[in-house]
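Data block for work-v3.txt (compact mmCIF, C-alpha atoms):
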# COMPACT_ATOMS: atom_id res chain seq x y z
CA MET A 1 0.00 0.00 0.00
CA GLN A 2 1.52 3.32 -1.04
CA GLN A 3 1.15 6.21 1.30
CA ALA A 4 -0.27 9.56 0.39
CA PRO A 5 2.33 12.34 0.21
CA SER A 6 1.00 13.88 3.44
CA ARG A 7 1.38 10.63 5.38
CA THR A 8 4.42 9.27 7.22
CA LEU A 9 4.60 5.54 7.91
CA TRP A 10 5.99 5.62 11.44
CA ILE A 11 3.57 8.35 12.49
CA ASP A 12 0.66 6.36 11.02
CA TYR A 13 1.74 3.31 13.00
CA LEU A 14 2.22 5.32 16.19
CA ARG A 15 -1.23 6.89 15.77
CA SER A 16 -2.84 3.48 15.33
CA PHE A 17 -0.91 2.09 18.30
CA LEU A 18 -2.23 4.92 20.48
CA THR A 19 -5.74 4.12 19.26
CA ILE A 20 -5.31 0.53 20.45
CA LEU A 21 -3.94 1.92 23.72
CA VAL A 22 -7.16 3.95 24.08
CA VAL A 23 -9.21 0.77 23.69
CA ALA A 24 -7.04 -0.96 26.30
CA HIS A 25 -7.36 2.06 28.60
CA HIS A 26 -11.17 1.95 28.50
CA SER A 27 -11.13 -1.85 28.82
CA SER A 28 -9.22 -1.51 32.11
CA LEU A 29 -11.48 1.03 33.81
CA ALA A 30 -14.05 -1.47 35.09
CA TYR A 31 -11.33 -3.30 37.03
CA THR A 32 -9.25 -0.59 38.73
CA THR A 33 -9.18 -0.48 42.53
CA PHE A 34 -10.46 3.12 42.56
CA ALA A 35 -13.50 2.38 40.35
CA HIS A 36 -16.92 3.24 41.78
CA PHE A 37 -20.47 3.26 40.43
CA ASP A 38 -23.16 5.83 41.25
CA LYS A 39 -26.66 4.39 40.84
CA VAL A 40 -28.37 7.77 41.21
CA ALA A 41 -26.62 9.18 38.15
CA TYR A 42 -24.15 6.85 36.48
CA ILE A 43 -22.51 9.83 34.78
CA ARG A 44 -20.81 10.47 38.15
CA SER A 45 -19.26 6.98 38.12
CA THR A 46 -15.63 6.46 37.21
CA HIS A 47 -16.84 4.22 34.36
CA PRO A 48 -20.25 3.09 33.02
CA VAL A 49 -19.64 -0.49 34.23
CA VAL A 50 -17.72 -1.33 37.40
CA ASP A 51 -16.86 -4.95 38.27
CA SER A 52 -16.32 -6.39 41.73
CA ARG A 53 -13.06 -7.94 40.49
CA ARG A 54 -10.17 -5.45 40.77
CA TRP A 55 -6.42 -5.45 40.21
CA ILE A 56 -3.99 -2.70 41.17
CA GLY A 57 -1.85 -3.49 38.13
CA LEU A 58 -4.60 -2.00 35.98
CA ASP A 59 -4.45 1.17 38.11
CA ILE A 60 -0.80 1.50 37.13
CA PHE A 61 -1.55 0.80 33.47
CA GLU A 62 -4.49 3.23 33.33
CA ASN A 63 -2.61 6.01 35.11
CA PHE A 64 0.40 5.60 32.82
CA ASN A 65 -1.81 6.13 29.78
CA ASP A 66 -3.59 9.08 31.34
CA VAL A 67 -0.36 10.98 31.92
CA PHE A 68 0.62 11.28 28.26
CA PHE A 69 -1.40 9.58 25.55
CA MET A 70 -4.03 12.23 24.82
CA SER A 71 -1.36 14.93 24.72
CA LEU A 72 0.59 12.84 22.21
CA MET A 73 -2.55 12.21 20.15
CA PHE A 74 -3.18 15.95 19.88
CA LEU A 75 0.46 16.50 18.90
CA ILE A 76 0.21 13.89 16.14
CA ALA A 77 -3.10 15.40 14.97
CA GLY A 78 -1.32 18.72 14.48
CA LEU A 79 1.65 17.41 12.51
CA PHE A 80 0.14 17.73 9.04
CA VAL A 81 -2.45 20.45 9.65
CA ILE A 82 -0.44 23.26 8.01
CA LYS A 83 0.32 21.18 4.92
CA SER A 84 -3.37 20.35 4.68
CA ILE A 85 -4.42 24.02 4.98
CA GLU A 86 -1.86 25.11 2.38
CA ARG A 87 -2.82 22.32 0.00
CA LYS A 88 -6.60 22.70 0.28
CA GLY A 89 -7.05 26.31 1.38
CA ALA A 90 -8.61 27.33 4.68
CA VAL A 91 -12.22 27.09 3.50
CA ALA A 92 -11.85 23.61 2.02
CA PHE A 93 -9.89 22.52 5.11
CA ILE A 94 -12.68 23.67 7.42
CA ARG A 95 -15.28 21.92 5.26
CA ASP A 96 -13.21 18.73 5.31
CA ARG A 97 -12.90 18.90 9.13
CA LEU A 98 -16.67 19.36 9.35
CA TYR A 99 -17.24 16.14 7.40
CA ARG A 100 -14.41 14.15 8.98
CA LEU A 101 -14.73 15.26 12.60
CA PHE A 102 -17.84 17.17 13.59
CA ILE A 103 -20.52 15.10 11.83
CA PRO A 104 -19.03 11.75 12.99
CA PHE A 105 -18.79 13.25 16.48
CA ILE A 106 -22.48 14.16 16.54
CA ALA A 107 -23.44 10.72 15.19
CA GLY A 108 -20.99 8.84 17.42
CA GLY A 109 -21.71 10.99 20.44
CA THR A 110 -25.42 10.22 20.11
CA ILE A 111 -26.15 6.85 18.51
CA LEU A 112 -23.04 4.99 19.63
CA ASN A 113 -23.18 6.35 23.16
CA LEU A 114 -26.87 5.49 23.45
CA ILE A 115 -25.88 1.92 22.62
CA ALA A 116 -22.81 2.00 24.85
CA HIS A 117 -24.40 3.36 28.02
CA TYR A 118 -27.49 1.15 28.19
CA PRO A 119 -25.73 -1.40 30.46
CA ALA A 120 -24.98 1.43 32.91
CA TYR A 121 -28.68 2.29 32.99
CA LEU A 122 -29.59 -1.35 33.60
CA LEU A 123 -27.13 -1.54 36.50
CA ALA A 124 -28.53 1.65 38.02
CA HIS A 125 -32.25 1.16 37.43
CA GLY A 126 -32.91 -2.36 36.24
CA SER A 127 -34.96 -3.08 33.13
CA ALA A 128 -37.23 -0.29 31.95
CA PRO A 129 -38.80 0.91 28.69
CA LEU A 130 -36.31 2.28 26.18
CA THR A 131 -38.11 5.62 26.29
CA ALA A 132 -37.23 5.90 29.98
CA TYR A 133 -33.59 5.12 29.18
CA VAL A 134 -33.43 7.70 26.39
CA THR A 135 -35.00 10.33 28.64
CA ASP A 136 -32.51 9.53 31.39
CA PHE A 137 -29.61 9.61 28.91
CA PHE A 138 -30.36 13.12 27.65
CA PHE A 139 -31.81 14.83 30.73
CA ILE A 140 -30.43 13.10 33.86
CA GLU A 141 -27.04 11.98 32.59
CA GLN A 142 -26.88 15.08 30.36
CA TRP A 143 -25.87 13.32 27.14
CA PRO A 144 -22.68 11.39 28.10
CA VAL A 145 -20.05 11.93 25.43
CA GLY A 146 -17.57 9.11 26.10
CA PRO A 147 -14.43 8.84 23.94
CA PRO A 148 -15.77 11.09 21.11
CA TRP A 149 -14.90 14.11 23.29
CA PHE A 150 -11.46 13.98 21.65
CA ILE A 151 -13.04 14.41 18.21
CA TRP A 152 -15.04 17.56 18.97
CA VAL A 153 -12.08 19.12 20.80
CA LEU A 154 -9.80 18.29 17.86
CA PHE A 155 -12.39 19.84 15.52
CA THR A 156 -12.38 23.01 17.62
CA PHE A 157 -8.57 23.16 17.66
CA SER A 158 -8.42 22.60 13.90
CA ILE A 159 -10.94 25.30 13.06
CA THR A 160 -9.33 27.73 15.50
CA PHE A 161 -5.93 27.12 13.94
CA ALA A 162 -7.26 27.49 10.39
CA VAL A 163 -8.67 30.90 11.33
CA ILE A 164 -5.55 32.19 13.09
CA TYR A 165 -2.95 30.56 10.84
CA THR A 166 -2.50 33.49 8.46
CA PRO A 167 -1.51 36.03 11.13
CA LEU A 168 0.55 33.36 12.92
CA ARG A 169 2.33 32.19 9.79
CA PRO A 170 5.62 34.07 10.45
CA ALA A 171 5.99 32.15 13.71
CA PHE A 172 6.07 28.89 11.75
CA THR A 173 8.24 29.90 8.81
CA PRO A 174 11.65 31.26 9.99
CA SER A 175 13.13 27.83 10.73
CA VAL A 176 11.98 26.58 7.32
CA ARG A 177 13.87 29.37 5.59
CA ALA A 178 16.92 28.50 7.67
CA GLY A 179 16.98 24.98 6.22
CA THR A 180 14.36 23.14 8.31
CA ARG A 181 16.68 22.65 11.27
CA ILE A 182 16.60 24.15 14.73
CA PRO A 183 20.24 23.65 15.83
CA ARG A 184 19.91 24.25 19.55
CA LEU A 185 16.80 22.08 19.91
CA CYS A 186 18.40 19.28 17.89
CA LYS A 187 20.62 18.71 20.94
CA PRO A 188 18.77 16.19 23.13
CA ALA A 189 19.41 17.97 26.44
CA ALA A 190 18.08 21.28 25.13
CA LEU A 191 15.09 19.57 23.53
CA ILE A 192 14.16 17.62 26.68
CA LEU A 193 14.46 20.69 28.88
CA SER A 194 12.43 22.84 26.49
CA TRP A 195 9.77 20.14 26.14
CA PHE A 196 9.53 19.72 29.90
CA LEU A 197 9.23 23.46 30.54
CA PHE A 198 6.61 23.69 27.79
CA THR A 199 4.57 20.89 29.40
CA PHE A 200 5.02 22.30 32.90
CA ALA A 201 3.85 25.78 31.86
CA LEU A 202 0.76 24.44 30.10
CA TYR A 203 -0.31 21.99 32.79
CA VAL A 204 0.79 22.96 36.31
CA PRO A 205 -0.78 26.45 36.66
CA PHE A 206 -4.13 25.15 35.42
CA ALA A 207 -3.99 22.05 37.62
CA PHE A 208 -3.50 24.33 40.65
CA TRP A 209 -6.17 26.76 39.52
CA LEU A 210 -8.89 24.40 38.31
CA GLY A 211 -7.98 21.07 39.87
CA PRO A 212 -6.40 18.23 37.84
CA TYR A 213 -9.55 16.17 37.24
CA LYS A 214 -12.37 18.67 36.64
CA TRP A 215 -14.56 18.18 33.56
CA THR A 216 -17.09 20.69 32.29
CA GLY A 217 -19.18 21.37 29.20
CA PHE A 218 -22.73 21.25 27.94
CA GLY A 219 -24.43 18.24 26.43
CA PRO A 220 -21.91 16.12 24.54
CA PHE A 221 -19.43 19.02 24.39
CA ASP A 222 -17.62 17.86 27.49
CA PHE A 223 -13.91 18.29 28.17
CA GLN A 224 -11.29 18.19 30.92
CA VAL A 225 -10.99 21.89 31.62
CA SER A 226 -7.62 21.77 33.38
CA ARG A 227 -5.96 20.19 30.32
CA VAL A 228 -7.30 22.42 27.53
CA ALA A 229 -4.14 24.54 27.45
CA LEU A 230 -1.95 21.42 27.53
CA TYR A 231 -3.81 19.75 24.67
CA PHE A 232 -4.00 22.87 22.51
CA GLY A 233 -0.33 23.57 23.19
CA TYR A 234 0.61 20.06 22.07
CA PHE A 235 -1.58 20.48 18.98
CA LEU A 236 0.29 23.71 18.14
CA LEU A 237 3.61 21.99 18.86
CA GLY A 238 2.61 19.29 16.38
CA ALA A 239 1.74 21.93 13.77
CA TRP A 240 5.10 23.62 14.29
CA LEU A 241 7.05 20.34 14.15
CA GLY A 242 5.25 19.33 10.98
CA HIS A 243 6.06 22.64 9.32
CA VAL A 244 9.78 22.50 10.13
CA ASN A 245 10.05 19.06 8.53
CA PHE A 246 10.53 17.07 11.75
CA ASN A 247 10.99 13.83 9.82
CA GLU A 248 14.28 15.04 8.35
CA GLY A 249 15.38 17.18 11.30
CA MET A 250 15.19 16.37 14.99
CA PHE A 251 13.33 13.09 14.31
CA SER A 252 15.46 11.87 11.44
CA ASN A 253 16.88 8.37 11.81
CA SER A 254 20.39 9.79 12.01
CA SER A 255 19.61 12.31 14.77
CA THR A 256 21.12 11.82 18.20
CA LEU A 257 17.63 12.02 19.69
CA VAL A 258 16.33 9.04 17.72
CA ARG A 259 19.50 6.97 18.04
CA ARG A 260 19.14 7.18 21.83
CA TRP A 261 15.58 5.83 21.82
CA PRO A 262 16.36 3.03 24.35
CA PHE A 263 17.51 5.68 26.82
CA TRP A 264 14.27 7.67 26.41
CA ALA A 265 12.25 4.47 26.87
CA LEU A 266 14.13 3.82 30.12
CA ALA A 267 13.63 7.45 31.22
CA CYS A 268 9.91 7.09 30.45
CA GLY A 269 9.66 4.06 32.75
CA LEU A 270 11.72 5.65 35.52
CA ALA A 271 9.76 8.92 35.45
CA TYR A 272 6.43 7.12 35.69
CA THR A 273 7.75 4.83 38.44
CA LEU A 274 8.81 7.91 40.40
CA LEU A 275 5.39 9.46 39.84
CA THR A 276 3.67 6.31 41.10
CA ILE A 277 5.71 5.84 44.26
CA SER A 278 5.91 9.54 45.13
CA SER A 279 2.16 10.05 45.52
CA PRO A 280 1.65 8.23 48.87
CA TYR A 281 5.01 9.48 50.16
CA LEU A 282 4.15 13.13 49.39
CA THR A 283 0.70 12.64 50.94
CA THR A 284 2.31 11.46 54.16
CA LEU A 285 4.72 14.42 54.21
CA VAL A 286 1.81 16.84 53.77
CA LYS A 287 -0.22 15.15 56.54
CA ASN A 288 2.80 15.36 58.85
CA SER A 289 3.20 19.06 57.99
CA THR A 290 6.70 18.39 56.66
CA LEU A 291 5.51 19.90 53.38
CA THR A 292 2.72 22.35 52.74
CA GLU A 293 -0.08 21.17 50.45
CA PHE A 294 1.18 23.57 47.78
CA GLN A 295 4.71 22.15 47.98
CA GLY A 296 3.45 18.58 47.83
CA TYR A 297 1.35 19.23 44.74
CA LEU A 298 4.13 21.25 43.11
CA ILE A 299 6.55 18.34 43.45
CA TYR A 300 3.93 15.88 42.18
CA TYR A 301 2.97 18.06 39.19
CA THR A 302 6.64 18.55 38.35
CA ILE A 303 7.20 14.79 38.24
CA TYR A 304 3.94 14.45 36.26
CA SER A 305 5.22 16.92 33.65
CA SER A 306 8.51 15.05 33.34
CA SER A 307 6.65 11.73 32.94
CA CYS A 308 4.47 13.21 30.19
CA THR A 309 7.55 14.64 28.48
CA PHE A 310 9.63 11.47 28.56
CA SER A 311 6.68 9.27 27.56
CA CYS A 312 5.93 11.38 24.48
CA ILE A 313 9.57 11.49 23.40
CA ALA A 314 10.04 7.78 24.11
CA PHE A 315 7.11 6.73 21.92
CA LEU A 316 8.02 9.13 19.13
CA THR A 317 11.68 8.07 18.98
CA THR A 318 10.95 4.36 19.43
CA PHE A 319 8.52 4.25 16.51
CA ARG A 320 10.83 6.41 14.40
CA ALA A 321 13.74 4.06 15.07
CA LEU A 322 11.95 0.73 14.74
CA VAL A 323 9.39 1.24 11.95
CA LYS A 324 11.37 0.44 8.82
CA LYS A 325 8.90 -0.92 6.27
CA PRO A 326 5.16 -1.41 5.79
CA ASN A 327 3.33 -4.31 7.39
CA THR A 328 0.05 -5.57 5.95
CA VAL A 329 -1.74 -5.99 9.27
CA TRP A 330 -0.51 -2.68 10.62
CA ASN A 331 -1.49 -0.95 7.37
CA SER A 332 -5.04 -2.16 7.88
CA LEU A 333 -4.97 -1.03 11.49
CA SER A 334 -3.75 2.42 10.42
CA ASP A 335 -6.39 2.72 7.71
CA HIS A 336 -9.16 1.96 10.20
CA ALA A 337 -7.76 3.55 13.38
CA TYR A 338 -10.12 6.53 13.31
CA LEU A 339 -13.18 4.30 13.00
CA ILE A 340 -11.88 1.94 15.67
CA TYR A 341 -11.59 4.92 18.00
CA LEU A 342 -15.13 6.01 17.17
CA LEU A 343 -16.71 2.53 17.36
CA HIS A 344 -14.96 0.72 20.19
CA TYR A 345 -16.86 2.04 23.23
CA PRO A 346 -20.07 -0.01 22.86
CA PHE A 347 -17.96 -3.15 22.50
CA VAL A 348 -16.03 -2.25 25.67
CA ILE A 349 -19.05 -1.45 27.85
CA TRP A 350 -21.17 -4.36 26.71
CA GLY A 351 -18.21 -6.74 27.05
CA GLN A 352 -17.61 -5.61 30.62
CA TYR A 353 -21.33 -5.88 31.40
CA LEU A 354 -21.62 -9.43 30.04
CA LEU A 355 -18.58 -10.50 32.08
CA LEU A 356 -19.87 -9.14 35.41
CA ASP A 357 -21.10 -12.47 36.75
CA ILE A 358 -18.36 -14.60 35.20
CA PRO A 359 -15.95 -15.92 37.89
CA LEU A 360 -12.71 -14.76 36.30
CA ALA A 361 -9.83 -12.67 37.58
CA ALA A 362 -9.84 -8.95 36.77
CA PHE A 363 -6.90 -9.26 34.37
CA ALA A 364 -8.59 -12.08 32.45
CA LYS A 365 -11.77 -10.01 32.09
CA PHE A 366 -9.67 -7.05 30.92
CA VAL A 367 -7.94 -9.16 28.26
CA ILE A 368 -11.23 -10.61 26.98
CA THR A 369 -12.85 -7.18 26.84
CA PHE A 370 -9.83 -5.64 25.12
CA VAL A 371 -9.40 -8.34 22.47
CA ALA A 372 -13.13 -8.51 21.72
CA SER A 373 -13.39 -4.71 21.48
CA VAL A 374 -10.43 -4.35 19.14
CA ALA A 375 -11.58 -7.22 16.94
CA GLY A 376 -15.23 -6.13 16.88
CA SER A 377 -14.58 -2.45 16.14
CA TRP A 378 -11.88 -3.29 13.57
CA LEU A 379 -14.12 -5.70 11.66
CA LEU A 380 -17.03 -3.24 11.76
CA ALA A 381 -14.74 -0.45 10.57
CA ILE A 382 -13.64 -2.56 7.60
CA GLN A 383 -17.26 -3.11 6.62
CA LEU A 384 -18.24 0.55 7.03
CA ARG A 385 -15.33 1.69 4.86
CA LYS A 386 -16.94 -0.28 2.01
CA VAL A 387 -20.11 1.86 2.17
CA LYS A 388 -19.63 4.53 -0.51
CA LEU A 389 -22.15 6.93 1.05
CA LEU A 390 -19.92 7.17 4.12
CA ALA A 391 -16.68 7.83 2.23
CA LYS A 392 -16.46 11.58 2.92
CA TYR A 393 -16.95 11.04 6.66
CA LEU A 394 -14.47 8.19 7.14
Would you mind giving the structure from this file in C-alpha cells?
Amino acid sequence: MQQAPSRTLWIDYLRSFLTILVVAHHSSLAYTTFAHFDKVAYIRSTHPVVDSRRWIGLDIFENFNDVFFMSLMFLIAGLFVIKSIERKGAVAFIRDRLYRLFIPFIAGGTILNLIAHYPAYLLAHGSAPLTAYVTDFFFIEQWPVGPPWFIWVLFTFSITFAVIYTPLRPAFTPSVRAGTRIPRLCKPAALILSWFLFTFALYVPFAFWLGPYKWTGFGPFDFQVSRVALYFGYFLLGAWLGHVNFNEGMFSNSSTLVRRWPFWALACGLAYTLLTISSPYLTTLVKNSTLTEFQGYLIYYTIYSSSCTFSCIAFLTTFRALVKKPNTVWNSLSDHAYLIYLLHYPFVIWGQYLLLDIPLAAFAKFVITFVASVAGSWLLAIQLRKVKLLAKYL
C-alpha cells in the first residue's frame, strides 16, 4: 500500500498504536481499585460499568496512559495540519474537518453512546422501557459523550488554527527558511528541557487553579478543563514540528535524539515509576506538615510533567527508530484507526457488562474485553469503509 504524500509511515503506525492503547485504557477502567459506580446518576461513576473484580496493576496501566497519551494524540493530529491548509485552502480545510470530525462526532456521540451506556442504565435502574432510558440519557445523565470528546475538541482546535494561521504564519516559517533545522533544539538535552518546561507551563498552573480532574461542558461538548491549554499547546507543537520538517530534522533516523531511543524508553519508565511511588510518600509528608499542600502538589505536578515529556519522546523516537517498512496488518490497522476509536466504546461497555457475573480474575476479564473490542470495532470499521455513502466522513 503506497502512502499519500502527506502521510508518514511511522507516524501512522504510532497513531494506530495509540488508538489501540485507548481501547485498552477503557477496557481496564471497570477493574481498577479506585473504580466506583453511582446508581443515582451513572454519569458520576468512574466508568459506566464497574466490576467487583479489581487489580492494582490495571491502576498502574491506566494512570500511565492518562499521563501522556491524549497529549501525544493531539500533537500527532497537528503534525500535518499546516500542509493540509496550504494544499486545500482554509475554507476547504474547514469543510473537510466538518465532514471528517464534527458530523461523525455528533453521530458517534449520540447513537453509539446510546448503545454503549445502556448497560450502565440497567445496573442503576434495572430493566425499563427504552423511552425511559433515552429520557434519562439526555436529561439526567446530560448526554454522556464518552471517547468522542477527543473528536469535537480536535475539531475546535483545527478550526481555530485554520482561522488564526495566516496572522501566525511568520511564527512557523523562519526555521523553514533556515533549512528546516533548529540547531539548539536538535541537541537532546536542550530539547528535553524545552519540552519539559513547555509541558510544565501548560499543565501545572491550570492544575492548581482548576484542579487536575475537573470536567465541564454542555451536552456532549464535554472536556477536561484543566488540560485544555496542555492539549491545545501540544496540537500547536505538532503543527510547528510538521512545518519545520521534523521527519528530516530532529526526528530523522540519524539524529542523536532518535538513536538514543532506548535511553528515552528507560527514562519514560523511571519517570512514571517515580510518579507512582511519590504520591503516597508526598501525601504522608503533607499530613505530617513536613511539606505544605502547595509544595506537595508542586513536586507531584513537576514529576507528572517530566513523565508526560519522557513518555511522548520515548514513543516518538521508538517508533521512528523501529518502523522500517510497511506491514500488511498494521497498514489495515492504520487505515481503520479513526473508526476503531469512534466505534470501540459499545464493545467495551457491553463486554464488561456481560462478564460481570463470570468468575474470572480482573486481568482475564480485561484481556477478553480488550481483544473482543479491538476485533469487533476493527471488523465493523472494515465493513463501514466499504459503504460509498460514508466515504467523505471516514
* Nearest to A:Tyr133, chosen from A:Gly211, A:Gly78, A:Pro280, A:Pro119, with only C-alpha atoms counted in the distances -> A:Pro119
* Can you work out which one of A:Ala132, A:Ala372, A:Ala271, A:Leu339 has the shortest atom-to-atom distance to A:Tyr301, counting only C-alpha atoms? =>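 Among the listed residues, the smallest separation from A:Tyr301 belongs to A:Ala271.
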* With a distance cut-off of 10 Å and all atoms listed in the file, select the neighbouring residues of A:Thr110, excluding the residue or stretch itself and same-chain residues fewer than 5 positions from it, and output the selection as an MDAnalysis selection string. => chainID A and resid 104:105 115:116 137:138 143:146 148 220
* Asked: For the atom pair atom CA of A:Phe68 and atom CA of A:Trp215, what is the interatomic distance in Å to one decimal place?
  ->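 Taking atom CA of A:Phe68 and atom CA of A:Trp215, their separation equals 17.5 Å.
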* Hey, which of A:Trp330, A:Phe251, A:Phe198, A:Trp240 ends up closest to A:Tyr165? Count all atoms listed in the file. ->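 The closest residue to A:Tyr165 is A:Trp240.
Shortest atom-to-atom contact with A:Leu356 among A:Ala92, A:Ser194, A:Leu123, A:Asp12: A:Leu123, counting only C-alpha atoms.
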* **Polymer residues at most 9 Å from A:Ala162, only C-alpha atoms, same-chain spacing of 4 or more positions, as a PyMOL selection string** => chain A and resi 81-82+85+90-91+93-94+157-158+166
Which residues are near A:Val40? Cut-off 10 Å, only C-alpha atoms, ignore same chain within fewer than 3 positions. Put them as an mmCIF file with C-alpha atoms, in the coordinates of the input.
data_model
loop_
_atom_site.group_PDB
_atom_site.id
_atom_site.type_symbol
_atom_site.label_atom_id
_atom_site.label_comp_id
_atom_site.auth_asym_id
_atom_site.auth_seq_id
_atom_site.Cartn_x
_atom_site.Cartn_y
_atom_site.Cartn_z
ATOM 1 C CA PHE A 37 -20.470 3.260 40.430
ATOM 2 C CA ILE A 43 -22.510 9.830 34.780
ATOM 3 C CA ARG A 44 -20.810 10.470 38.150
ATOM 4 C CA SER A 45 -19.260 6.980 38.120
ATOM 5 C CA TYR A 121 -28.680 2.290 32.990
ATOM 6 C CA ALA A 124 -28.530 1.650 38.020
ATOM 7 C CA HIS A 125 -32.250 1.160 37.430
ATOM 8 C CA ILE A 140 -30.430 13.100 33.860
ATOM 9 C CA GLU A 141 -27.040 11.980 32.590
#
Using only the atoms of stretch 67-85 of chain A listed in the file, plus 8 Å on each side, state the axis-aligned box centre and edge lengths in Å rounded to one decimal, as JSON.
{"center_x": -1.4, "center_y": 16.8, "center_z": 18.3, "size_x": 22.1, "size_y": 30.4, "size_z": 43.2}
Polymer residues at most 7 Å from stretch 361-370 of chain A, only C-alpha atoms, same-chain spacing of 3 or more positions, as a PDB file with C-alpha atoms, keeping the file's coordinate frame:
ATOM      1  CA  VAL A  23      -9.210   0.770  23.690  1.00  0.00           C
ATOM      2  CA  ALA A  24      -7.040  -0.960  26.300  1.00  0.00           C
ATOM      3  CA  SER A  27     -11.130  -1.850  28.820  1.00  0.00           C
ATOM      4  CA  SER A  28      -9.220  -1.510  32.110  1.00  0.00           C
ATOM      5  CA  TYR A  31     -11.330  -3.300  37.030  1.00  0.00           C
ATOM      6  CA  ARG A  53     -13.060  -7.940  40.490  1.00  0.00           C
ATOM      7  CA  ARG A  54     -10.170  -5.450  40.770  1.00  0.00           C
ATOM      8  CA  TRP A  55      -6.420  -5.450  40.210  1.00  0.00           C
ATOM      9  CA  VAL A 348     -16.030  -2.250  25.670  1.00  0.00           C
ATOM     10  CA  GLY A 351     -18.210  -6.740  27.050  1.00  0.00           C
ATOM     11  CA  GLN A 352     -17.610  -5.610  30.620  1.00  0.00           C
ATOM     12  CA  LEU A 355     -18.580 -10.500  32.080  1.00  0.00           C
ATOM     13  CA  SER A 373     -13.390  -4.710  21.480  1.00  0.00           C
ATOM     14  CA  VAL A 374     -10.430  -4.350  19.140  1.00  0.00           C
TER      15      VAL A 374
END
* So what do you get for atom CA of A:Cys312 versus atom CA of A:Leu75, distance-wise? -> 9.3 Å
* Do you know which residues are at most 8 Å from A:Tyr300 counting only C-alpha atoms, after dropping those on the same chain fewer than 6 positions away, and could you put them as a list in words? ->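 The residues that qualify are Leu275, Ser278, Ser279 and Leu282 of chain A.
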* May I ask for the distance between atom CA of A:Phe263 and atom CA of A:Ala190, given in Å to one decimal place? =>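 Those two atoms sit 15.7 Å apart.
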* Structure fact -> With distances taken over only C-alpha atoms, the candidate from A:Ile159, A:Val225, A:Ala375, A:Ala267 nearest A:Asp96 is A:Ile159
* **Shortest interatomic distance to A:Ser252 - which of A:Trp10, A:Tyr281, A:Tyr304, A:Tyr338, counting all atoms listed in the file** => A:Trp10
